[in-house]
Structure formats: structure tokens, C-alpha cells
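> Sharing a structure, written as C-alpha cells. Questions coming.
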Amino acid sequence: MSKETKQNNFKFNPWWIYGLIGAIFLGMYLSGQSKWVEPQKTSLSKFYEFLDAGDVDKVEVDNDKFVTVYLKEKSLAKDTHKKLPKEDLLGNKNLGPHYTFQISSGDENFSKDLKEAKTAKKITAYEYKTSGGWTELLVNLLPIIVLLGFWIFMMRRMSGGSAGGGGGQIFNIGRSRAKLFDEKTDVKVTFKDVAGLEGAKEEIQEIVEFLKNPQKYTDLGGKIPKGALLVGPPGTGKTLLAKAVAGEAKVPFFSLSGSDFVEMFVGVGASRVRDLFKQAKEKSPAIIFIDEIDAVGRARGKSNFSGSNDERENTLNQLLTEMDGFGTDTSVIVLAATNRADVLDKALMRAGRFDRQIYVDLPDIRERKEIFEVHLKPLKKVEGLDTDFLAKQTPGFSGADIANVCNEAALIAARNNKTAVDKQDFLDAVDRIVGGLEKKNKIISTEEKRAIAIHEAGHATVSWMLEHAAPLVKVTIVPRGQSLGAAWYLPEERQIVRPNQMLDEMCATMGGRAAEKVVFDNISTGALSDLEKVTKQARAMVTIYGLNEKLGNVTYYDSSGQTDYNFSKPYSEETALVIDKEISQIIEQQYQRAIKILQENKEKLEQLANILIEKEVIFKDDLETIFGKRPFDKPLHEEIV
């Protein structure tokens with residue numbers, strides 16, 4: 001049944017007729033221009049010279065005035081006609097016409113000469129003809145016909161836009177580009193496929209319930225919320241949640257991106273918003289999902305140098321009106337997602353438009369385990385794979401990052417001709433994603449290799465000796481990505497961070513440069529990323545978190561994002577000097593602290609560096625052999641509850 005439906009699903013397009021007519025005209029035109037070579041202009045006297053020399057084969061007289069001359073094939077080789085092209089544009093022999101000239105209208109002497117030449121067999125034939133027939137007229141009018149057809153095509157497309165409520169915009173650009181999912185659409189993502197995010201799922205599920213059974217809530221006097229805004233870092237599952245809503249809801253679901261409203265033509269964005277809500281109201285109850293809403297929902301009046309009639313602002317105004325304008329009472333719920341909630345317009349964020357703001361945060365260790373279990377299902381993995389261990393090895397990873405880890409692990413296992421993905425493949429995948437691809441063929445001199453080993457051993461030594469520094473997992477001097485060496489740590493997941501914890505992390509970060517100073521009494525450019533990291537941390541301590549005694553309990557951080565558009569700093573020049581001085585002082589103190597730790601453990605530092613040069617990769621066990629057990633270490637495999 002379905003096969004027959006597919007076979008008979010043939011739709012006739014009327015534009016095929018126009019194409020066929022155009023092809024016929026084009027063929028007629030090409031047949032009329034089959035010679036592809038323009039004849040050269042000559043004179044009547046020259047023609048008589050060609051005639052006397054026996055070069056002329058045929059003569060045509062058009063409208064008793066225009067004469068075209070065809071030469072004999074053997075005559076083309078003469079020097080007299082060497083300027084004539086021997087071939088046409090298609091590479092065929094130039095069979096004529098070869099020359100053309102003009103005579104006086106109705107020249108009887110010329111007609112008499114042609115008759116005599118025909119009688120004397122100087123020419124094969126001559127012909128008088130009158131042009132201007134239907135074929136020639138159509139050929140001459142072909143360009144006009146093509147332009148006229150194109151104009152009709154444009155006008156039909158323009159008029160077609162008005163029927164759908166798109167404002168009659170050219171090429172239907174005023175129509176909404178939303179993709180419609182309904183109960184008949186095969187959407188396979190459900191809430192079961194969304195691991196973690198329990199709070200967000202609960203609120204999203206409740207929105208689906210509002211539309212499935214609104215009477216349950218309205219009987220108590222409640223109103224169905226107008227919208228929910230999903231806010232969170234990239235890759236945390238905002239769009240996935242919306243896909244789950246499309247899979248679970250038994251109501252029409254319109255999905256589009258914020259950039260789908262943006263167009264170079266004036267008024268198109270607002271027109272698309274109107275058309276979108278018109279379609280949703282016709283199918284209500286319905287859900288509209290706008291991904292990356294910051295493309296159109298950015299706060300008005302900021303960085304707006306194009307005047308008051310800004311196209312993006314018009315689109316936003318229309319969206320605000322549709323969501324909670326005068327007299328709007330429909331069962332349409334708007335879901336939106338963004339990772340830039342700080343730049344959204346306040347009018348968009350108020351209750352009555354987006355009643356719910358759901359923060360989708362990076363997953364914690366328990367949620368990462370659940371996400372791993374979802375993405376491990378399609379993989380052929382070894383039995384007894386420890387998902388708790390994998391969750392611990394990926395702190396700060398989003399759901400998208402974890403999906404990438406699983407995929408990368410499968411690729412690595414296949415590259416190594418394994419039949420199943422094992423624990424080492426996942427560790428290699430994490431290294432690949434965090435550090436980049438290994439570059440074992442990179443040429444590094446012995447001196448540079450020792451400097452890199454000392455640098456990385458310095459990081460490892462200082463972090464081992466500090467309580468609040470992240471525990472080490474492994475150190476390598478194999479170049480990865482843009483780095484020449486790297487140290488992998490397993491940071492503790494904290495909700496709040498205290499000053500001593502930040503200072504210990506900064507000291508461990510400065511351990512690489514400090515080790516170069518202690519061993520070589522010299523420093524290098526290899527600590528650029530370390531310096532960048534500690535400078536950001538020190539600046540955050542001083543200007544954001546209020547953890548500096550000189551400045552006190554003051555922050556210059558603006559969560560609304562208003563400072564991004566200001567041309568002045570929120571503090572005076574004197575305060576700027578204090579900030580710069582305090583940042584420099586904090587970094588220098590931790591640098592000296594790292595130097596002191598390494599001077600006390602210089603022999604162990606060099607011993608660790610030698611092992612690193614020999615093995616290229618060392619693990620926690622190698623550090624325990626040199627330094628002994630780390631007293632403040634927590635068990636790596638503690639159970640996840």
C-alpha cells in the first residue's frame with residue numbers, strides 16, 4: 001500500500017511547461033545561429049574580384065539589399081582569404097557565410113551579373129529572399145521573452161506569500177520557517193533519553209501536562225503559564241529537553257532558531273513572528289520552541305547605532321506583543337533556550353511572558369554517571385566497565401562533552417583493532433579532548449625535552465605538596481595540540497571556593513615556571529598558559545569575589561551585562577592602580593611559595609623529571625614511589641550516592 005502511494009506521489013509542476021517552451025526557443029535560436037561565426041564585411045568591388053577568381057560558391061540576397069557570400073571550400077586556403085577563420089567555435093569547418101556587404105536596394109545590374117555568373121558556372125547558385133517571418137521574429141524576441149518569463153515568475157512568488165499570512169514578501173520570506181512536529185511525526189527522543197537534569201525535567205514535564213490536561217489546573221483557578229526559558233552553558237541539554245517535549249507532547253510542536261527571524265529585508269522578522277503565532281493559534285493547544293533566542297531577544301537600546309527603526313528591535317517588539325499583548329488569550333506555550341540570559345531584554349524576562357526560568361547547569365558527578373549510561377548503550381563495551389570511575393574522570397564536562405568522549409573512545413578502540421571499548425580507550429578519549437592530538441613526531445631537542453620535563457615535574461611536585469591543590473592523575477611530555485607537555489588533575493567538585501583553595505591552585509599552576517627557576521636559574525616562554533590562568537584567578541579574587549583585604553568587600557562584576565556596553569570602568573584610576581598592584585602581588589607571592597617548596601624538594605623534583613624523560617608519561621604511582629603517600633588524598637573510587 002505504501003509503495004503504491006510512493007509511486008503515485010507524482011506532482012506535475014506547471015513550470016516544466018515554461019521550461020519546455022524556453023528550450024524550444026533556445027533550440028530555434030541555436031539552429032538559426034548554427035554557424036557560430038560572423039561573416040566578414042567586404043565591398044562590391046572585392047566581391048567581383050572573388051567572382052572573377054572563381055572563389056564564390058553561393059550568394060544570398062536578403063531583402064534586395066544585404067548580400068552574404070559563401071566561398072568554395074578549396075578557395076579558403078588562398079592567401080586572399082587567410083583572415084577568415086578556418087573553424088567555427090565548435091571546432092567544425094567554417095562553411096559560411098564568409099563575407100557580407102550591402103548594395104543599393106533593387107540593384108538590377110547586380111541581379112544581372114549574378115545571372116551571368118550562374119550561366120557561366122562561376123557560382124553554383126544564388127537566391128533572393130525576404131526575412132521577417134515568424135521564426136526569425138521569435139528568435140529576435142527570445143531575450144525579451146526570457147526576461148518577461150522571469151518577471152512573471154517573480155510576481156507569482158511575491159503574490160504567493162500573501163496567502164499564508166506572510167505579508168506578501170518576495171519569495172515568501174515573510175512566512176515562518178518553523179518546523180512542525182505533531183503526534184504523527186516520528187520524534188524518538190523522550191524524557192527517558194534525558195539523563196540527569198531532574199529539576200528541569202520536572203518543570204518541563206509539568207508544561208506538557210498543562211497542555212494535555214489543562215482542566216486539572218484551571219479548576220483550582222490557576223492560569224497556564226505563557227512560557228519557559230531554558231538557561232545554561234552550551235552542551236548541557238537545553239535543546240535535548242525541547243526535543244523530549246516534542247516526543248512526549250501530544251500537541252503540535254513548532255521548532256525554530258532565533259536566527260530564523262533575522263533577514264536583510266525590513267519588516268520580515270516581525271512578519272515571521274506574526275505568521276508563527278498565527279499557525280500555532282490555529283493548531284492550539286501548541287508549543288513553540290525558539291532555540292538561541294538571544295539572536296532576537298537582545299536588550300533594546302544597547303549598542304544600537306542604526307537608529308530607532310532597528311529590524312531586530314521590531315522583531316522583538318512583535319514577539320513581546322504576541323506573547324502577552326492586549327487581548328491575547330490562547331493555549332500556546334513558548335519554550336526558549338539561550339546561554340546568554342544576561343543580554344536578554346528585561347521585558348522578555350518578566351512574568352506573564354516567560355513565567356519559568358529553568359537553569360540547566362553542568363552535570364554533577366551523579367548526573368554524569370547517568371549521562372554516561374545513556375551514551376554507552378549503543379557502544380560495544382567490555383563487561384564490568386566502571387561508570388563511576390568515568391564520571392569521576394570528567395569533572396566540568398557537559399552532556400555534549402560526554403557524548404563526544406564516548407564517540408571518541410569508540411573511534412580509538414576501532415583504530416586499535418579492538419572488539420570492545422575498554423577503560424583505557426575512555427581515558428585516551430578524555431586526553432584527546434582535553435589536551436588535543438598527540439604529536440609524537442614533533443622534533444624536540446634534548447635540552448628542550450629536559451626543560452619541558454622539569455616544568456611538568458614542577459607542577460606535579462607542588463600540587464602533591466599542597467592540601468587544596470587538585471590531586472594529580474598523570475603527567476606527560478608528549479606534545480598534544482599546542483602544548484609541549486601537560487599534567488592531568490582530578491579537581492574536587494566544590495560549590496563554594498575559599499581563598500586558601502584558590503591560592504593553592506595558583507601556587508600549583510606557578511610550579512612549572514618556579515621549577516625552571518630552581519633548576520636552571522632561568523625561565524622560558526613555556527609558561528604562557530599558566531600565567532594566563534593565574535592572572536584570571538587573581539583578577540577574579542580582587543575584582544569579582546571581594547577576597548582582597550586592600551579593596552575589601554567590593555565587587556565590580558555586573559551580572560546584567562550592562563558593563564559590556566559602557567566606555568568607562570566602574571572604578572577610579574586610583575583603584576585601578578590598587579587592583580593592578582594587588583593582582584601582581586598575589587601572583588608573585590604564590591610564585592615565591594612554589595620556589596620555596598621546590599627548593600626543599602629539589603632532588604625529588606629532578607628524580608621525577610628523569611623518570612619523565614625516560615617514560616614520557618608518569619602516573620600517580622610514580623609520584624607515590626618518590627614522595628610517599630599524599631596525606632590529604634581522598635579515595636578515587638569512593639561510591640557515588
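By convention in this document, the chains of the C-alpha cells carry letters A, B, ... by their order, each chain's residues are numbered from 1, and ligands are numbered from 1 in the order they are shown.
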Taking the DSSP assignment computed from this structure's backbone, write out as JSON, numbers by chain all residues of segment 249-412 of chain A that belong to strand (DSSP E).
{"A": [253, 254, 255, 256, 257, 286, 287, 288, 289, 290, 291, 332, 333, 334, 335, 336, 337, 338, 356, 357, 358, 359]}
> Among segment 383-588 of chain A, which residues carry a DSSP assignment of alpha helix (DSSP H), reported as a VMD selection string?
chain A and resid 387 to 392 399 to 415 423 to 435 446 to 465 499 to 509 511 to 520 528 to 539 573 to 588
> Given the choices A:Gly352, A:Gly526, A:Gly512, A:Gly258, which gets closest to Arg312 of chain A if the distance is worked out from only C-alpha atoms?
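Nearest to Arg312 of chain A: A:Gly258.
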> Can you work out the spacing between atom CA of Val262 of chain A and atom CA of Leu348 of chain A in Å, to one decimal?
17.6 Å
> Residues at most 6 Å from segment 376-388 of chain A, counting only C-alpha atoms, excluding those fewer than 5 positions away in the same chain, as a list in words?
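Close residues of segment 376-388 of chain A: Lys369, Ala420, Val421 and Asp422 of chain A.
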> Taking only C-alpha atoms into account, which of A:Lys281, A:Lys179, A:Lys629, A:Arg272 comes nearest Pro471 of chain A?
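Among the listed residues, A:Lys629 lies closest to Pro471 of chain A.
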> Return the single residue from A:Leu623, A:Val69, A:Ala200, A:Ile611 that is closest to Phe50 of chain A, with distances computed using only C-alpha atoms.
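Closest to Phe50 of chain A, using only C-alpha atoms: A:Val69.
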